[in-house]
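Here's the structure we're looking at; comments come further down.
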Amino acid sequence: MIKRLAHLCFKTDQVDRMVRFYRDILGMRVKFTLTGDDGVEFGYYFACGECSFLELFDQRGAVRQWGGEVVKLKSPADAPYQHFCLEIEGLETLRENLIARGIAVTEIAVGMDGSKQCWIKDPDSNSIELMEYTPSSLQIQK
């Protein structure tokens, strides 16, 4: 039986910028880091609620630790990945705070599911939906 989504994992060539974005801009707490046998941190687990995480790896550190090859990362437009969504409380306030920090944020709209939403991109151009449930959101209907 599937209990919940445990984590999403991204590899990046700009780990410092990505860590700053998720930690300092979005305010996600780093739950723990992973350090390779060479003593260099290369993995970050960002808390996304109770037991859900965003896992971020410096791809060169991952290759040093586990082998494989460094690959040229494709544009998100070329990948089957579309986006991930963060459930938000206080979407309007968060949107204002992101804009004040220089982050491009779409206008807030109500989707077909009845939820309020707006969109941002991280430094690797991964699309992130910011969603706030409303009383008419299909996700919370019985």
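So you can find residues: chains in the structure tokens are A, B, ... in the order shown, residues in each start at 1, and ligands are numbered from 1 in order.
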DSSP-assigned alpha helix (DSSP H) members of chain A, reported as a PyMOL selection string = chain A and resi 15-20+59-66+91-100
Include N, CA and C atoms and write out the residues we just selected as an mmCIF file, in the first residue's frame.
```cif
data_model
loop_
_atom_site.group_PDB
_atom_site.id
_atom_site.type_symbol
_atom_site.label_atom_id
_atom_site.label_comp_id
_atom_site.auth_asym_id
_atom_site.auth_seq_id
_atom_site.Cartn_x
_atom_site.Cartn_y
_atom_site.Cartn_z
ATOM 1 N N VAL A 15 24.639 23.496 -7.447
ATOM 2 C CA VAL A 15 24.085 23.122 -6.152
ATOM 3 C C VAL A 15 24.010 24.308 -5.192
ATOM 4 N N ASP A 16 24.989 25.203 -5.187
ATOM 5 C CA ASP A 16 24.952 26.344 -4.262
ATOM 6 C C ASP A 16 23.750 27.239 -4.534
ATOM 7 N N ARG A 17 23.492 27.544 -5.802
ATOM 8 C CA ARG A 17 22.331 28.373 -6.151
ATOM 9 C C ARG A 17 21.023 27.665 -5.804
ATOM 10 N N MET A 18 20.966 26.376 -6.058
ATOM 11 C CA MET A 18 19.743 25.629 -5.771
ATOM 12 C C MET A 18 19.492 25.567 -4.264
ATOM 13 N N VAL A 19 20.534 25.326 -3.474
ATOM 14 C CA VAL A 19 20.371 25.292 -2.012
ATOM 15 C C VAL A 19 19.880 26.650 -1.525
ATOM 16 N N ARG A 20 20.503 27.727 -1.997
ATOM 17 C CA ARG A 20 20.071 29.072 -1.577
ATOM 18 C C ARG A 20 18.604 29.320 -1.944
ATOM 19 N N GLN A 59 25.504 16.793 -9.058
ATOM 20 C CA GLN A 59 25.692 15.580 -9.869
ATOM 21 C C GLN A 59 27.137 15.106 -9.881
ATOM 22 N N ARG A 60 28.107 16.020 -9.815
ATOM 23 C CA ARG A 60 29.505 15.584 -9.797
ATOM 24 C C ARG A 60 29.845 14.867 -8.488
ATOM 25 N N GLY A 61 29.294 15.352 -7.387
ATOM 26 C CA GLY A 61 29.495 14.674 -6.107
ATOM 27 C C GLY A 61 28.864 13.300 -6.090
ATOM 28 N N ALA A 62 27.678 13.181 -6.702
ATOM 29 C CA ALA A 62 27.014 11.880 -6.773
ATOM 30 C C ALA A 62 27.832 10.897 -7.602
ATOM 31 N N VAL A 63 28.425 11.368 -8.695
ATOM 32 C CA VAL A 63 29.257 10.495 -9.526
ATOM 33 C C VAL A 63 30.514 10.077 -8.755
ATOM 34 N N ARG A 64 31.123 11.013 -8.022
ATOM 35 C CA ARG A 64 32.303 10.646 -7.220
ATOM 36 C C ARG A 64 31.947 9.592 -6.175
ATOM 37 N N GLN A 65 30.768 9.715 -5.584
ATOM 38 C CA GLN A 65 30.373 8.798 -4.517
ATOM 39 C C GLN A 65 29.907 7.450 -5.039
ATOM 40 N N TRP A 66 29.092 7.452 -6.076
ATOM 41 C CA TRP A 66 28.437 6.222 -6.502
ATOM 42 C C TRP A 66 28.833 5.753 -7.896
ATOM 43 N N LEU A 91 -1.087 32.040 0.403
ATOM 44 C CA LEU A 91 -0.487 32.143 -0.927
ATOM 45 C C LEU A 91 -0.219 33.594 -1.329
ATOM 46 N N GLU A 92 -1.147 34.487 -1.052
ATOM 47 C CA GLU A 92 -0.958 35.893 -1.433
ATOM 48 C C GLU A 92 0.276 36.479 -0.758
ATOM 49 N N THR A 93 0.436 36.226 0.530
ATOM 50 C CA THR A 93 1.591 36.742 1.274
ATOM 51 C C THR A 93 2.885 36.144 0.753
ATOM 52 N N LEU A 94 2.896 34.836 0.513
ATOM 53 C CA LEU A 94 4.095 34.198 -0.017
ATOM 54 C C LEU A 94 4.450 34.794 -1.373
ATOM 55 N N ARG A 95 3.460 34.988 -2.223
ATOM 56 C CA ARG A 95 3.711 35.568 -3.543
ATOM 57 C C ARG A 95 4.353 36.949 -3.415
ATOM 58 N N GLU A 96 3.829 37.784 -2.553
ATOM 59 C CA GLU A 96 4.396 39.115 -2.334
ATOM 60 C C GLU A 96 5.841 39.026 -1.844
ATOM 61 N N ASN A 97 6.106 38.109 -0.925
ATOM 62 C CA ASN A 97 7.469 37.934 -0.397
ATOM 63 C C ASN A 97 8.435 37.459 -1.479
ATOM 64 N N LEU A 98 7.988 36.556 -2.332
ATOM 65 C CA LEU A 98 8.846 36.071 -3.419
ATOM 66 C C LEU A 98 9.157 37.192 -4.405
ATOM 67 N N ILE A 99 8.156 37.962 -4.764
ATOM 68 C CA ILE A 99 8.373 39.089 -5.680
ATOM 69 C C ILE A 99 9.362 40.073 -5.063
ATOM 70 N N ALA A 100 9.236 40.346 -3.760
ATOM 71 C CA ALA A 100 10.158 41.259 -3.081
ATOM 72 C C ALA A 100 11.588 40.731 -3.098
#
```
Would you tabulate, counting only C-alpha atoms, all residues of segment 6-69 of chain A that have an atom at most 9 Å from an atom of segment 112-128 of chain A, showing the closest pair of atoms and their distance in Å to one decimal, sorted by chain then ascending number, as JSON lines?
```
{"residue": "A:Thr12", "atom": "CA", "partner": "A:Asp124", "partner_atom": "CA", "distance": 7.3}
{"residue": "A:Asp13", "atom": "CA", "partner": "A:Asp124", "partner_atom": "CA", "distance": 8.5}
{"residue": "A:Gln14", "atom": "CA", "partner": "A:Asp124", "partner_atom": "CA", "distance": 7.8}
{"residue": "A:Arg17", "atom": "CA", "partner": "A:Pro123", "partner_atom": "CA", "distance": 6.6}
{"residue": "A:Met18", "atom": "CA", "partner": "A:Pro123", "partner_atom": "CA", "distance": 6.0}
{"residue": "A:Phe21", "atom": "CA", "partner": "A:Asp122", "partner_atom": "CA", "distance": 6.8}
{"residue": "A:Tyr22", "atom": "CA", "partner": "A:Asp122", "partner_atom": "CA", "distance": 8.0}
```
ask   = Using only C-alpha atoms, which residues sit within 7 Å of Phe10 of chain A once same-chain residues fewer than 5 positions away are excluded, as a ChimeraX atom specification?
value = /A:55-57
Write to file, as a JSON list (two decimals), in the first residue's frame, the residues of the selection just made, with C-alpha atoms.
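Full text of selection-v8.json as output:
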```
[["chain", "number", "residue", "atom", "x", "y", "z"],
["A", 55, "GLU", "CA", 16.28, 15.66, -2.42],
["A", 56, "LEU", "CA", 18.98, 17.64, -4.23],
["A", 57, "PHE", "CA", 22.33, 16.26, -5.41]]
```
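Of the residues in segment 28-62 of chain A, those that DSSP places in strand (DSSP E or B) on the basis of the backbone are A:Val30, A:Lys31, A:Phe32, A:Thr33, A:Leu34, A:Thr35, A:Glu41, A:Phe42, A:Gly43, A:Tyr44, A:Tyr45, A:Phe46, A:Ala47, A:Phe53, A:Leu54, A:Glu55, A:Leu56, A:Phe57, A:Asp58.
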request  = Would you kindly return, as a list in words, each protein, DNA or RNA residue with an atom no farther than 10 Å from any atom of Glu87 of chain A, considering only C-alpha atoms and excluding same-chain residues fewer than 4 positions away?
outcome  = Cys48, Gly49, Leu91, Gln117, Glu129, Leu130, Met131, Glu132 and Tyr133 of chain A
Serialized selection, N, CA and C atoms, as a PDB file, in the first residue's frame:
```
ATOM      1  N   CYS A  48       9.546  19.098   3.370  1.00  0.00           N
ATOM      2  CA  CYS A  48       8.335  19.615   2.712  1.00  0.00           C
ATOM      3  C   CYS A  48       7.116  19.125   3.481  1.00  0.00           C
ATOM      4  N   GLY A  49       7.032  19.427   4.738  1.00  0.00           N
ATOM      5  CA  GLY A  49       5.921  18.942   5.548  1.00  0.00           C
ATOM      6  C   GLY A  49       6.369  17.787   6.412  1.00  0.00           C
ATOM      7  N   LEU A  91      -1.087  32.040   0.403  1.00  0.00           N
ATOM      8  CA  LEU A  91      -0.487  32.143  -0.927  1.00  0.00           C
ATOM      9  C   LEU A  91      -0.219  33.594  -1.329  1.00  0.00           C
ATOM     10  N   GLN A 117      -3.623  28.987  -7.269  1.00  0.00           N
ATOM     11  CA  GLN A 117      -2.287  28.565  -7.665  1.00  0.00           C
ATOM     12  C   GLN A 117      -1.534  29.696  -8.346  1.00  0.00           C
ATOM     13  N   GLU A 129       4.664  24.568  -8.831  1.00  0.00           N
ATOM     14  CA  GLU A 129       3.330  25.102  -8.604  1.00  0.00           C
ATOM     15  C   GLU A 129       3.168  25.352  -7.115  1.00  0.00           C
ATOM     16  N   LEU A 130       2.706  26.529  -6.766  1.00  0.00           N
ATOM     17  CA  LEU A 130       2.393  26.872  -5.385  1.00  0.00           C
ATOM     18  C   LEU A 130       0.872  26.879  -5.293  1.00  0.00           C
ATOM     19  N   MET A 131       0.298  26.003  -4.458  1.00  0.00           N
ATOM     20  CA  MET A 131      -1.147  25.801  -4.441  1.00  0.00           C
ATOM     21  C   MET A 131      -1.694  25.960  -3.035  1.00  0.00           C
ATOM     22  N   GLU A 132      -2.806  26.674  -2.947  1.00  0.00           N
ATOM     23  CA  GLU A 132      -3.522  26.779  -1.677  1.00  0.00           C
ATOM     24  C   GLU A 132      -4.918  26.221  -1.885  1.00  0.00           C
ATOM     25  N   TYR A 133      -5.257  25.227  -1.072  1.00  0.00           N
ATOM     26  CA  TYR A 133      -6.591  24.649  -1.168  1.00  0.00           C
ATOM     27  C   TYR A 133      -7.631  25.651  -0.690  1.00  0.00           C
TER      28      TYR A 133
END
```
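Each of A:Met28, A:Ala104, A:Leu54, A:Val110 was checked against Phe84 of chain A using only C-alpha atoms; the smallest atom-to-atom distance is that of A:Leu54.
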inquiry  = Can you tell me which residues surround Glu50 of chain A at a distance of at most 12 Å, considering only C-alpha atoms, apart from same-chain residues fewer than 2 positions away, and format the answer as JSON, numbers by chain?
reply    = {"A": [4, 5, 6, 7, 29, 31, 46, 47, 48, 52, 53]}
Spatial neighbours of Leu34 of chain A, 9 Å, only C-alpha atoms, chain gap at least 6 places, as an NGL selection string = :A and (40-45 or 57)
Using C-alpha atoms, can you export the residues from the last selection as an mmCIF file, in the first residue's frame?
```cif
data_model
loop_
_atom_site.group_PDB
_atom_site.id
_atom_site.type_symbol
_atom_site.label_atom_id
_atom_site.label_comp_id
_atom_site.auth_asym_id
_atom_site.auth_seq_id
_atom_site.Cartn_x
_atom_site.Cartn_y
_atom_site.Cartn_z
ATOM 1 C CA VAL A 40 32.469 17.031 0.587
ATOM 2 C CA GLU A 41 28.730 17.636 1.058
ATOM 3 C CA PHE A 42 26.865 16.724 -2.108
ATOM 4 C CA GLY A 43 23.307 15.881 -1.066
ATOM 5 C CA TYR A 44 20.598 17.936 0.657
ATOM 6 C CA TYR A 45 17.209 16.850 1.990
ATOM 7 C CA PHE A 57 22.326 16.262 -5.408
#
```
